[in-house]
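Comments concern the structure below.
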Amino acid sequence: MTRIQNGSRLLSYTFFRSKKTPSTSPNAALLQGNFQIQQHRHFSNLARVTTKEEKEPRWKDSMDRLRNIGISAHIDSGKTTLTERILYYTGRIHEIHEVRGRDGVGAKMDSMDLEREKGITIQSAATYCTWNGYQVNIIDTPGHVDFTIEVERALRVLDGAILVFCSVGGVQSQSITVDRQMGRYEVPRLAFINKLDRMGADPWKVLNQARSKLRHHSAAVQVPIGLEDDFQGLIDLVKMKVYYFHGSNGEKIVTAEIPVEMKALAAEKRRELVETVSEVDDKLADAFLTDEPISSSDLEEAIRRATVAKKFVPVFMGSAFKNKGVQPLLDGVLSYLPCPTEVGNYALDQTKDEEKVVLSGTPDGPLVALAFKLEEGRFGKKIKIPRLVRMHSDEMEDIQEAHAGQIVAVFGVDCASGDTFTDGSVKYTMTSMNVPEPVMSLAIQPVSKDSGGQTIISGMGELHLDIYVERIRREYKVDASVGKPRVNFRETITQRAEFDYLHKKQTGGQGQYGRVCGYIEPLPQGSTTKFEFDNMIVGQVIPSNFIPSIEKGFKEAANSGSLIGHPVENLRIALTDGAAHAVDSSELAFKLASIYAFRQYYTAAKPVILEPVMLVELKVPTEFQGTIAGDINKRKGVIVGNDQDGDDSIITVHVPLNNMFGYSTSLRSMTQGKGEFTMEYKEHSPVSQDVQMQLVNTYMASKGAE
């Protein structure tokens with residue numbers, strides 16, 4: 001997918017890659033060579049050619065009536081159900097299907113068979129709809145932490161978002177992760193407290209959790225009338241009206257006056273809303289402090305200003321499954337989230353050392369489009385002029401042009417996620433998305449021996465890799481044999497070590513000669529780079545044309561440490577001296593000298609093994625708390641938090657990933673099927689001495705067997 005910011009239709013293009021923001025190639029590229037890959041790319045920020053005679057208000061009005069939003073949350077908070085209702089009420093679909101419905105059809109946005117079978121969203125899916133004369137582009141994202149990159153790439157190109165909470169579960173681990181991602185890309189958001197019909201629903205508890213755990217400056221813009229089985233409707237605190245949702249699917253909205261018994265609560269919550277917004281909006285603060293009456297339009301405008309400025313998060317409520325509260329949430333998207341021209345977008349000018357350039361979003365500017373998602377699927381073919389379409393889950397609608405701010409898909413474009421497209425008149429790159437480091441790897445190879453060799457795939461967890469392998473089998477009809485999952489360890493050094501190595505070889509004719517001297521040392525804690533090479537040689541003891549080969553040699557050697565063969569990171573190489581031969585020195589000689597120097601002196605730097613440590617959040621009945629704590633200790637985990645939520649304990653722990661294989665089965669066994677957990681990557685940390693010895697011995701034994 002691509003988002004377009006400026007310029008013309010995407011018929012001819014030039015693409016650039018930023019030095020600071022490397023692109024990511026699609027995982028499915030591992031199948032290339034054996035199969036014909038059919039690809040289409042999703043783009044954002046497209047625009048079209050505008051004639052000089054066309055007046056500005058026409059395109060400006062079109063942009064003002066456009067919203068690009070994402071829907072994100074912790075798993076099982078009701079994101080896909082909410083999207084299904086939005087599509088139904090806006091007329092994009094004509095009947096509702098549930099995520100785990102008995103009819104077996106599944107929600108529209110869960111287009112993959114695997115998504116419908118497992119009842120979870122695996123990949124982000126795009127669609128669009130129209131509501132009250134506004135076009136709304138929507139991306140539904142996964143809630144499971146294993147597929148967090150799907151959320152990351154979507155938020156990079158969206159102008160606003162809906163953060164969904166479960167009214168029972170509240171702010172959960174992935175809620176925190178998603179909110180952090182929204183903050184990273186400065187995305188204004190609304191909150192929607194869903195599932196008010198469930199037993200134990202408490203929206204005010206969730207609101208307080210959002211304020212304390214997420215540091216949201218937020219307040220409710222609605223008050224529910226009843227909860228659980230008694231949930232009837234909503235009080236709009238801005239307009240001070242009540243909405244009831246009638247009809248078989250809640251499509252008929254009945255407006256009424258606030259019930260007498262709820263007027264006091266509504267007045268109290270409205271005052272809280274006004275007071276909270278006035279803390280971040282000067283115009284409303286003036287009226288609030290002078291006790292002037294605040295009209296619904298004044299309050300609505302203030303909420304919009306504060307939300308667009310990312311100073312306030314309005315909180316909506318409802319039950320998507322029970323068809324209540326979705327239409328007012330859509331109104332809130334139009335009223336409070338920004339249009340494309342209200343969001344700051346900038347590119348990096350490659351001709352001026354990546355100087356920031358503000359993109360105005362005008363249709364007569366040069367084309368600048370960011371490819372943010374590549375998709376391997378059954379659609380698409382290689383053609384000279386790409387086909388332009390809008391996505392509706394797995395369906396497509398051909399279009400002839402796309403304007404700034406729109407999200408579209410293009411076929412037959414050879415690129416990678418993070419590439420920027422222009423019309424060639426400028427050399428701009430858009431900043432790319434943050435790509436988390438994979439923590440687990442898996443060896444996979446076709447069953448048929450003549451179909452290709454073994455390939456290593458990496459991902460964010462067991463589920464991520466399992467789904468990927470299953471997709472290969474289903475979508476490409478490739479029966480693959482799978483090895484045991486392997487944790488992505490790293491190596492690093494703990495102290496400085498000097499090196500002085502001479503590579504000298506004479507075999508008749510031109511020999512090889514290269515001497516390198518210097519030291520290796522660990523990078524400072526918190527360093528943004530993982531490898532640094534510093535040429536500190538004064539003079540020409542080594543000709544300057546050999547220096548790149550020396551750096552290349554050290555980099556290559558650092559790809560495989562001598563402890564267990566994993567990459568070495570947080571490493572600085574300083575080259576201080578050396579020697580060259582007028583005849584025998586060459587690029588190869590100095591590259592080999594660097595590789596051998598690293599291997600010989602690596603142990604002197606006291607290397608250690610780093611393992612991925614996971615942040616695990618468990619929710620278990622309190623009666624099983626002792627059993628769980630004992631099991632965590634056996635897995636060498638550290639309990640860092642323990643909160644009470646009714647009859648459940650919320651336990652937060654840091655555990656090595658290598659000790660978490662098969663944990664879901666163990667947890668079910670220990671809690672009689674009542675416990676649940678979520679897990680996300682935290683950091684790589686040094687292993688204990690006994691674990692290091694064990695890993696080294698296993699590695700040496702495997703090398704000896706080879």
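Letters A, B, ... mark the chains of the structure tokens in the order given; residue numbers begin at 1 per chain; ligand numbers begin at 1, in order shown.
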For Met391 of chain A, find every residue with an atom within 10 Å (counting only C-alpha atoms), except residues of its own chain fewer than 5 positions away, and show them as a VMD selection string. chain A and resid 1 42 125 to 128 137 to 139 396 to 398 407 to 409
Can you list, as a compact mmCIF listing (two decimals) with N, CA and C atoms, in the first residue's frame, every residue of segment 526-586 of chain A that DSSP puts in strand (DSSP E or B)?
# COMPACT_ATOMS: atom_id res chain seq x y z
N PHE A 531 27.29 -1.11 15.53
CA PHE A 531 28.66 -1.33 15.07
C PHE A 531 29.24 0.01 14.62
N GLU A 532 30.44 0.31 15.09
CA GLU A 532 31.12 1.54 14.68
C GLU A 532 32.55 1.20 14.27
N PHE A 533 32.98 1.82 13.20
CA PHE A 533 34.37 1.67 12.74
C PHE A 533 34.99 3.06 12.68
N ASP A 534 36.14 3.23 13.35
CA ASP A 534 36.77 4.54 13.43
C ASP A 534 38.21 4.44 12.93
N ASN A 535 38.50 5.12 11.82
CA ASN A 535 39.85 5.15 11.28
C ASN A 535 40.64 6.28 11.95
N VAL A 568 27.62 -10.27 16.57
CA VAL A 568 28.18 -9.48 17.67
C VAL A 568 27.70 -8.04 17.49
N LEU A 571 29.53 -2.83 19.32
CA LEU A 571 30.97 -3.03 19.12
C LEU A 571 31.57 -1.83 18.40
N ARG A 572 32.72 -1.37 18.88
CA ARG A 572 33.45 -0.28 18.21
C ARG A 572 34.84 -0.77 17.86
N ILE A 573 35.23 -0.57 16.60
CA ILE A 573 36.57 -0.92 16.12
C ILE A 573 37.33 0.38 15.87
N ALA A 574 38.49 0.50 16.49
CA ALA A 574 39.35 1.67 16.25
C ALA A 574 40.63 1.20 15.58
N LEU A 575 40.91 1.71 14.40
CA LEU A 575 42.12 1.37 13.64
C LEU A 575 43.16 2.46 13.90
N THR A 576 44.28 2.11 14.55
CA THR A 576 45.26 3.13 14.94
C THR A 576 46.58 3.06 14.16
N ASP A 577 46.88 1.88 13.60
CA ASP A 577 48.16 1.73 12.91
C ASP A 577 48.09 0.52 11.98
N GLY A 578 49.15 0.28 11.25
CA GLY A 578 49.18 -0.86 10.34
C GLY A 578 50.37 -0.75 9.41
N ALA A 579 50.42 -1.62 8.44
CA ALA A 579 51.51 -1.59 7.47
C ALA A 579 51.04 -2.20 6.16
Using DSSP on the backbone coordinates, identify all residues within segment 121-363 of chain A classified as helix (DSSP H, G or I); present the result as a ChimeraX atom specification. /A:145-157,173-184,203-213,228-230,260-278,282-289,296-308,326-336,340-342,350-352
From atom CA of Asp690 of chain A to atom CA of Leu615 of chain A the spacing works out at 22.7 Å
Using only C-alpha atoms, determine which residues lie at most 12 Å from segment 249-263 of chain A, disregarding the query and same-chain residues fewer than 5 positions distant; provide the list as a ChimeraX atom specification. /A:84-86,88-91,94-97,222-226,232-237,239-244,268-270,318-328
Rank A:Ala589, A:Leu334, A:Ala582, A:Leu367 by their smallest atom-to-atom distance to Asp64 of chain A, using only C-alpha atoms, and report the top residue only. A:Leu334
Please list as a ChimeraX atom specification every residue within 9 Å of Ala73 of chain A, counting only C-alpha atoms and excluding residues in the same chain fewer than 5 positions away. /A:78-79,141-144,162-166,172,174-176,178-179
Output of the above residues as a short mmCIF file (atom, residue, chain, number, x, y, z; two decimals), in the first residue's frame, restricted to all heavy atoms:
data_model
loop_
_atom_site.label_atom_id
_atom_site.label_comp_id
_atom_site.auth_asym_id
_atom_site.auth_seq_id
_atom_site.Cartn_x
_atom_site.Cartn_y
_atom_site.Cartn_z
N GLY A 78 -12.23 -6.17 20.36
CA GLY A 78 -13.36 -5.91 19.48
C GLY A 78 -13.07 -4.99 18.32
O GLY A 78 -13.99 -4.38 17.77
N LYS A 79 -11.80 -4.89 17.88
CA LYS A 79 -11.45 -4.00 16.77
C LYS A 79 -12.15 -4.39 15.48
O LYS A 79 -12.75 -3.56 14.81
CB LYS A 79 -9.93 -4.04 16.50
CG LYS A 79 -9.05 -3.68 17.63
CD LYS A 79 -7.59 -3.87 17.27
CE LYS A 79 -7.30 -5.26 16.78
NZ LYS A 79 -7.64 -6.32 17.74
N THR A 141 -6.06 -3.26 12.21
CA THR A 141 -4.75 -3.84 12.51
C THR A 141 -4.86 -5.00 13.49
O THR A 141 -5.82 -5.09 14.25
CB THR A 141 -3.81 -2.77 13.11
OG1 THR A 141 -4.37 -2.30 14.35
CG2 THR A 141 -3.64 -1.59 12.17
N PRO A 142 -3.85 -5.89 13.51
CA PRO A 142 -3.87 -7.01 14.46
C PRO A 142 -3.68 -6.54 15.90
O PRO A 142 -3.09 -5.48 16.15
CB PRO A 142 -2.69 -7.88 14.03
CG PRO A 142 -2.32 -7.41 12.66
CD PRO A 142 -2.70 -5.97 12.60
N GLY A 143 -4.17 -7.33 16.84
CA GLY A 143 -4.00 -7.02 18.25
C GLY A 143 -2.94 -7.87 18.92
O GLY A 143 -2.48 -7.55 20.01
N HIS A 144 -2.55 -8.97 18.27
CA HIS A 144 -1.56 -9.87 18.87
C HIS A 144 -0.17 -9.29 18.71
O HIS A 144 0.19 -8.80 17.64
CB HIS A 144 -1.63 -11.25 18.22
CG HIS A 144 -1.01 -12.33 19.05
ND1 HIS A 144 0.36 -12.44 19.22
CD2 HIS A 144 -1.55 -13.34 19.79
CE1 HIS A 144 0.62 -13.48 20.00
NE2 HIS A 144 -0.52 -14.04 20.36
N ILE A 162 -8.27 5.18 16.27
CA ILE A 162 -9.19 4.83 17.35
C ILE A 162 -8.51 3.76 18.18
O ILE A 162 -8.15 2.70 17.67
CB ILE A 162 -10.53 4.30 16.81
CG1 ILE A 162 -11.22 5.35 15.93
CG2 ILE A 162 -11.45 3.88 17.96
CD1 ILE A 162 -12.46 4.81 15.21
N LEU A 163 -8.29 4.05 19.45
CA LEU A 163 -7.70 3.09 20.38
C LEU A 163 -8.83 2.43 21.16
O LEU A 163 -9.53 3.09 21.92
CB LEU A 163 -6.73 3.81 21.32
CG LEU A 163 -5.99 2.97 22.36
CD1 LEU A 163 -5.21 1.84 21.70
CD2 LEU A 163 -5.05 3.84 23.18
N VAL A 164 -9.01 1.13 20.93
CA VAL A 164 -10.15 0.41 21.51
C VAL A 164 -9.73 -0.27 22.80
O VAL A 164 -8.68 -0.93 22.85
CB VAL A 164 -10.71 -0.64 20.52
CG1 VAL A 164 -11.94 -1.32 21.10
CG2 VAL A 164 -11.05 0.03 19.19
N PHE A 165 -10.53 -0.11 23.85
CA PHE A 165 -10.32 -0.80 25.12
C PHE A 165 -11.50 -1.72 25.40
O PHE A 165 -12.64 -1.41 25.03
CB PHE A 165 -10.22 0.19 26.29
CG PHE A 165 -9.10 1.18 26.19
CD1 PHE A 165 -9.36 2.54 26.12
CD2 PHE A 165 -7.78 0.77 26.17
CE1 PHE A 165 -8.34 3.47 26.03
CE2 PHE A 165 -6.74 1.68 26.09
CZ PHE A 165 -7.02 3.04 26.02
N CYS A 166 -11.24 -2.82 26.07
CA CYS A 166 -12.31 -3.68 26.58
C CYS A 166 -12.74 -3.12 27.92
O CYS A 166 -11.90 -2.83 28.78
CB CYS A 166 -11.82 -5.11 26.73
SG CYS A 166 -12.97 -6.20 27.58
N GLN A 172 -4.54 -3.07 28.74
CA GLN A 172 -3.74 -4.28 28.82
C GLN A 172 -2.39 -4.07 28.14
O GLN A 172 -2.10 -2.98 27.63
CB GLN A 172 -4.52 -5.44 28.18
CG GLN A 172 -5.81 -5.75 28.95
CD GLN A 172 -6.79 -6.61 28.17
OE1 GLN A 172 -7.50 -6.12 27.30
NE2 GLN A 172 -6.82 -7.89 28.47
N GLN A 174 -0.83 -4.98 25.35
CA GLN A 174 -0.74 -4.54 23.97
C GLN A 174 -1.39 -3.17 23.78
O GLN A 174 -1.03 -2.44 22.86
CB GLN A 174 -1.38 -5.57 23.03
CG GLN A 174 -1.15 -5.31 21.55
CD GLN A 174 0.30 -5.42 21.10
OE1 GLN A 174 1.19 -5.74 21.90
NE2 GLN A 174 0.56 -5.15 19.84
N SER A 175 -2.32 -2.80 24.68
CA SER A 175 -2.87 -1.43 24.64
C SER A 175 -1.75 -0.43 24.85
O SER A 175 -1.67 0.61 24.19
CB SER A 175 -3.93 -1.23 25.74
OG SER A 175 -4.86 -2.27 25.78
N ILE A 176 -0.86 -0.76 25.80
CA ILE A 176 0.27 0.13 26.10
C ILE A 176 1.23 0.20 24.91
O ILE A 176 1.69 1.27 24.53
CB ILE A 176 1.00 -0.36 27.37
CG1 ILE A 176 0.05 -0.32 28.57
CG2 ILE A 176 2.24 0.46 27.64
CD1 ILE A 176 0.58 -0.99 29.82
N VAL A 178 0.55 -0.37 21.67
CA VAL A 178 -0.08 0.34 20.56
C VAL A 178 -0.09 1.84 20.83
O VAL A 178 0.18 2.66 19.94
CB VAL A 178 -1.51 -0.19 20.33
CG1 VAL A 178 -2.28 0.73 19.40
CG2 VAL A 178 -1.46 -1.59 19.75
N ASP A 179 -0.40 2.23 22.08
CA ASP A 179 -0.41 3.65 22.41
C ASP A 179 0.98 4.26 22.26
O ASP A 179 1.13 5.39 21.80
CB ASP A 179 -0.92 3.83 23.84
CG ASP A 179 -1.07 5.30 24.21
OD1 ASP A 179 -2.02 5.94 23.72
OD2 ASP A 179 -0.23 5.81 24.98
#
Segment 483-500 of chain A environment, 7 Å, only C-alpha atoms, sequence neighbours closer than 6 positions dropped, as a PyMOL selection string: chain A and resi 439-444+516-522+561+566-571+597+601+604-612+658
Those residues with N, CA and C atoms, as a short mmCIF file (atom, residue, chain, number, x, y, z; two decimals), in the first residue's frame please?
data_model
loop_
_atom_site.label_atom_id
_atom_site.label_comp_id
_atom_site.auth_asym_id
_atom_site.auth_seq_id
_atom_site.Cartn_x
_atom_site.Cartn_y
_atom_site.Cartn_z
N VAL A 439 12.95 -11.91 17.19
CA VAL A 439 13.50 -12.56 18.39
C VAL A 439 13.57 -14.08 18.25
N MET A 440 13.03 -14.61 17.16
CA MET A 440 12.98 -16.06 17.00
C MET A 440 13.15 -16.43 15.54
N SER A 441 13.84 -17.55 15.30
CA SER A 441 14.07 -18.00 13.93
C SER A 441 13.64 -19.45 13.77
N LEU A 442 13.45 -19.82 12.51
CA LEU A 442 12.96 -21.16 12.19
C LEU A 442 13.58 -21.58 10.87
N ALA A 443 14.06 -22.82 10.80
CA ALA A 443 14.59 -23.35 9.54
C ALA A 443 13.44 -24.01 8.78
N ILE A 444 13.31 -23.66 7.49
CA ILE A 444 12.21 -24.19 6.68
C ILE A 444 12.77 -24.58 5.32
N VAL A 516 47.15 -4.87 10.49
CA VAL A 516 46.19 -3.94 11.10
C VAL A 516 46.44 -3.90 12.60
N CYS A 517 46.42 -2.70 13.18
CA CYS A 517 46.61 -2.51 14.62
C CYS A 517 45.51 -1.58 15.14
N GLY A 518 45.13 -1.79 16.38
CA GLY A 518 44.11 -0.93 16.98
C GLY A 518 43.50 -1.60 18.19
N TYR A 519 42.23 -1.30 18.44
CA TYR A 519 41.57 -1.92 19.59
C TYR A 519 40.07 -2.05 19.31
N ILE A 520 39.46 -3.02 20.01
CA ILE A 520 38.01 -3.17 19.98
C ILE A 520 37.49 -2.87 21.38
N GLU A 521 36.33 -2.25 21.45
CA GLU A 521 35.75 -1.91 22.76
C GLU A 521 34.23 -1.88 22.65
N PRO A 522 33.55 -2.05 23.79
CA PRO A 522 32.08 -1.97 23.75
C PRO A 522 31.61 -0.55 23.54
N GLY A 561 29.99 -14.42 15.96
CA GLY A 561 30.91 -14.46 17.10
C GLY A 561 31.42 -15.86 17.35
N HIS A 566 26.59 -16.39 16.75
CA HIS A 566 25.56 -15.38 16.52
C HIS A 566 26.20 -14.01 16.31
N PRO A 567 25.46 -13.05 15.73
CA PRO A 567 26.05 -11.73 15.45
C PRO A 567 26.53 -11.02 16.72
N VAL A 568 27.62 -10.27 16.57
CA VAL A 568 28.18 -9.48 17.67
C VAL A 568 27.70 -8.04 17.49
N GLU A 569 27.17 -7.46 18.56
CA GLU A 569 26.67 -6.08 18.46
C GLU A 569 27.24 -5.23 19.60
N ASN A 570 26.92 -3.92 19.53
CA ASN A 570 27.44 -2.93 20.50
C ASN A 570 28.97 -2.95 20.52
N LEU A 571 29.53 -2.83 19.32
CA LEU A 571 30.97 -3.03 19.12
C LEU A 571 31.57 -1.83 18.40
N ALA A 597 42.15 -10.88 12.56
CA ALA A 597 42.44 -10.09 13.76
C ALA A 597 41.26 -10.14 14.73
N TYR A 601 41.58 -11.91 18.53
CA TYR A 601 41.59 -11.08 19.73
C TYR A 601 40.20 -10.92 20.37
N ALA A 604 39.85 -11.93 24.06
CA ALA A 604 40.50 -11.02 25.02
C ALA A 604 39.56 -9.90 25.46
N ALA A 605 38.51 -9.66 24.69
CA ALA A 605 37.54 -8.61 25.04
C ALA A 605 36.43 -9.13 25.95
N LYS A 606 36.60 -10.37 26.48
CA LYS A 606 35.65 -10.98 27.40
C LYS A 606 34.22 -10.95 26.84
N PRO A 607 33.96 -11.71 25.76
CA PRO A 607 32.62 -11.69 25.16
C PRO A 607 31.59 -12.40 26.04
N VAL A 608 30.35 -11.97 25.93
CA VAL A 608 29.23 -12.62 26.63
C VAL A 608 28.10 -12.82 25.63
N ILE A 609 27.19 -13.73 25.98
CA ILE A 609 26.02 -14.01 25.14
C ILE A 609 24.84 -13.20 25.65
N LEU A 610 24.11 -12.59 24.73
CA LEU A 610 22.88 -11.85 25.06
C LEU A 610 21.68 -12.66 24.60
N GLU A 611 20.65 -12.71 25.42
CA GLU A 611 19.43 -13.42 25.04
C GLU A 611 18.25 -12.46 25.08
N PRO A 612 17.22 -12.70 24.22
CA PRO A 612 16.04 -11.84 24.25
C PRO A 612 15.23 -12.10 25.52
N ASN A 658 13.97 -17.99 25.69
CA ASN A 658 14.38 -19.39 25.53
C ASN A 658 13.68 -20.32 26.52
#
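Excluding Phe590 of chain A itself and any same-chain residue fewer than 6 positions from it, the protein and nucleic acid residues within 8 Å of it, counting only C-alpha atoms, are His503, Tyr513, Gly514, Arg515, Val516, Phe546, Ser549, Ile550 and Gly553 of chain A.
Ranking A:Lys636, A:Gln644, A:Val653, A:Val187 by their shortest atom-to-atom distance to Val691 of chain A, with only C-alpha atoms included, puts A:Lys636 first.
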Tell me which protein, DNA and RNA residues are within 10 Å of segment 283-285 of chain A, counting only C-alpha atoms, leaving out same-chain ones fewer than 2 positions away, and put them as a PyMOL selection string. chain A and resi 274-281+287-292+294+298-299+301-303+305
The selected residues should be written to file as a PDB file, in the first residue's frame (atoms: N, CA, C and O atoms).
ATOM      1  N   VAL A 274     -15.380  19.645  30.368  1.00  0.00           N
ATOM      2  CA  VAL A 274     -15.031  21.043  30.069  1.00  0.00           C
ATOM      3  C   VAL A 274     -13.756  21.440  30.804  1.00  0.00           C
ATOM      4  O   VAL A 274     -12.849  22.073  30.238  1.00  0.00           O
ATOM      5  N   GLU A 275     -13.657  21.056  32.063  1.00  0.00           N
ATOM      6  CA  GLU A 275     -12.491  21.414  32.867  1.00  0.00           C
ATOM      7  C   GLU A 275     -11.215  20.770  32.314  1.00  0.00           C
ATOM      8  O   GLU A 275     -10.162  21.410  32.228  1.00  0.00           O
ATOM      9  N   THR A 276     -11.318  19.495  31.916  1.00  0.00           N
ATOM     10  CA  THR A 276     -10.149  18.779  31.388  1.00  0.00           C
ATOM     11  C   THR A 276      -9.669  19.396  30.072  1.00  0.00           C
ATOM     12  O   THR A 276      -8.464  19.577  29.862  1.00  0.00           O
ATOM     13  N   VAL A 277     -10.615  19.719  29.177  1.00  0.00           N
ATOM     14  CA  VAL A 277     -10.238  20.318  27.892  1.00  0.00           C
ATOM     15  C   VAL A 277      -9.691  21.724  28.090  1.00  0.00           C
ATOM     16  O   VAL A 277      -8.732  22.135  27.415  1.00  0.00           O
ATOM     17  N   SER A 278     -10.269  22.468  29.017  1.00  0.00           N
ATOM     18  CA  SER A 278      -9.830  23.856  29.231  1.00  0.00           C
ATOM     19  C   SER A 278      -8.396  23.925  29.756  1.00  0.00           C
ATOM     20  O   SER A 278      -7.723  24.947  29.610  1.00  0.00           O
ATOM     21  N   GLU A 279      -7.908  22.829  30.341  1.00  0.00           N
ATOM     22  CA  GLU A 279      -6.523  22.798  30.815  1.00  0.00           C
ATOM     23  C   GLU A 279      -5.521  22.827  29.662  1.00  0.00           C
ATOM     24  O   GLU A 279      -4.360  23.179  29.861  1.00  0.00           O
ATOM     25  N   VAL A 280      -5.959  22.445  28.460  1.00  0.00           N
ATOM     26  CA  VAL A 280      -5.049  22.408  27.308  1.00  0.00           C
ATOM     27  C   VAL A 280      -5.530  23.287  26.152  1.00  0.00           C
ATOM     28  O   VAL A 280      -4.924  23.293  25.087  1.00  0.00           O
ATOM     29  N   ASP A 281      -6.627  24.031  26.352  1.00  0.00           N
ATOM     30  CA  ASP A 281      -7.145  24.916  25.302  1.00  0.00           C
ATOM     31  C   ASP A 281      -7.450  26.279  25.909  1.00  0.00           C
ATOM     32  O   ASP A 281      -8.381  26.423  26.711  1.00  0.00           O
ATOM     33  N   ALA A 287     -13.423  31.037  28.785  1.00  0.00           N
ATOM     34  CA  ALA A 287     -14.867  30.955  29.015  1.00  0.00           C
ATOM     35  C   ALA A 287     -15.168  30.202  30.309  1.00  0.00           C
ATOM     36  O   ALA A 287     -16.071  30.581  31.070  1.00  0.00           O
ATOM     37  N   PHE A 288     -14.410  29.149  30.593  1.00  0.00           N
ATOM     38  CA  PHE A 288     -14.647  28.338  31.796  1.00  0.00           C
ATOM     39  C   PHE A 288     -14.345  29.130  33.067  1.00  0.00           C
ATOM     40  O   PHE A 288     -15.112  29.090  34.043  1.00  0.00           O
ATOM     41  N   LEU A 289     -13.244  29.890  33.057  1.00  0.00           N
ATOM     42  CA  LEU A 289     -12.840  30.631  34.254  1.00  0.00           C
ATOM     43  C   LEU A 289     -13.753  31.816  34.546  1.00  0.00           C
ATOM     44  O   LEU A 289     -13.883  32.239  35.698  1.00  0.00           O
ATOM     45  N   THR A 290     -14.388  32.360  33.517  1.00  0.00           N
ATOM     46  CA  THR A 290     -15.309  33.496  33.713  1.00  0.00           C
ATOM     47  C   THR A 290     -16.755  33.040  33.857  1.00  0.00           C
ATOM     48  O   THR A 290     -17.664  33.872  33.850  1.00  0.00           O
ATOM     49  N   ASP A 291     -16.948  31.702  33.966  1.00  0.00           N
ATOM     50  CA  ASP A 291     -18.294  31.122  34.150  1.00  0.00           C
ATOM     51  C   ASP A 291     -19.262  31.488  33.033  1.00  0.00           C
ATOM     52  O   ASP A 291     -20.477  31.594  33.261  1.00  0.00           O
ATOM     53  N   GLU A 292     -18.729  31.703  31.827  1.00  0.00           N
ATOM     54  CA  GLU A 292     -19.615  31.953  30.689  1.00  0.00           C
ATOM     55  C   GLU A 292     -20.268  30.638  30.267  1.00  0.00           C
ATOM     56  O   GLU A 292     -19.663  29.569  30.384  1.00  0.00           O
ATOM     57  N   ILE A 294     -21.112  27.620  28.062  1.00  0.00           N
ATOM     58  CA  ILE A 294     -20.333  27.010  26.983  1.00  0.00           C
ATOM     59  C   ILE A 294     -21.284  26.210  26.107  1.00  0.00           C
ATOM     60  O   ILE A 294     -21.869  25.217  26.549  1.00  0.00           O
ATOM     61  N   ASP A 298     -19.046  25.404  20.830  1.00  0.00           N
ATOM     62  CA  ASP A 298     -17.792  25.882  21.424  1.00  0.00           C
ATOM     63  C   ASP A 298     -16.991  24.714  21.992  1.00  0.00           C
ATOM     64  O   ASP A 298     -15.770  24.633  21.816  1.00  0.00           O
ATOM     65  N   LEU A 299     -17.697  23.811  22.692  1.00  0.00           N
ATOM     66  CA  LEU A 299     -17.027  22.665  23.302  1.00  0.00           C
ATOM     67  C   LEU A 299     -16.491  21.712  22.227  1.00  0.00           C
ATOM     68  O   LEU A 299     -15.364  21.212  22.331  1.00  0.00           O
ATOM     69  N   GLU A 301     -15.569  22.453  19.145  1.00  0.00           N
ATOM     70  CA  GLU A 301     -14.398  23.061  18.508  1.00  0.00           C
ATOM     71  C   GLU A 301     -13.163  22.961  19.402  1.00  0.00           C
ATOM     72  O   GLU A 301     -12.044  22.709  18.925  1.00  0.00           O
ATOM     73  N   ALA A 302     -13.361  23.143  20.708  1.00  0.00           N
ATOM     74  CA  ALA A 302     -12.234  23.056  21.642  1.00  0.00           C
ATOM     75  C   ALA A 302     -11.687  21.634  21.710  1.00  0.00           C
ATOM     76  O   ALA A 302     -10.467  21.420  21.735  1.00  0.00           O
ATOM     77  N   ILE A 303     -12.594  20.654  21.733  1.00  0.00           N
ATOM     78  CA  ILE A 303     -12.152  19.250  21.750  1.00  0.00           C
ATOM     79  C   ILE A 303     -11.367  18.937  20.487  1.00  0.00           C
ATOM     80  O   ILE A 303     -10.339  18.258  20.524  1.00  0.00           O
ATOM     81  N   ARG A 305      -9.626  21.075  18.558  1.00  0.00           N
ATOM     82  CA  ARG A 305      -8.314  21.737  18.608  1.00  0.00           C
ATOM     83  C   ARG A 305      -7.343  20.948  19.502  1.00  0.00           C
ATOM     84  O   ARG A 305      -6.197  20.717  19.135  1.00  0.00           O
TER      85      ARG A 305
END
Restricting the calculation to only C-alpha atoms: of A:Arg387, A:Ala219, A:Ser295, A:Ser77, which residue gets closest to Gln400 of chain A? A:Arg387
Using only C-alpha atoms, the best pick from A:Thr177, A:Thr671, A:Asn559, A:Ser685 as closest to Leu657 of chain A would be A:Ser685
Could you jot down the atom CA of Glu354 of chain A to atom CA of Lys530 of chain A separation for me, Å, one decimal place? 21.9 Å
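Counting only C-alpha atoms and comparing A:Gly704, A:Pro621, A:Gly160, A:Gly461, the residue that lies closest to Ile71 of chain A is A:Gly160.
Nearest residue to Lys504 of chain A among A:Asp414, A:Asp202, A:Asp584, A:Asp140 is A:Asp584, counting only C-alpha atoms.
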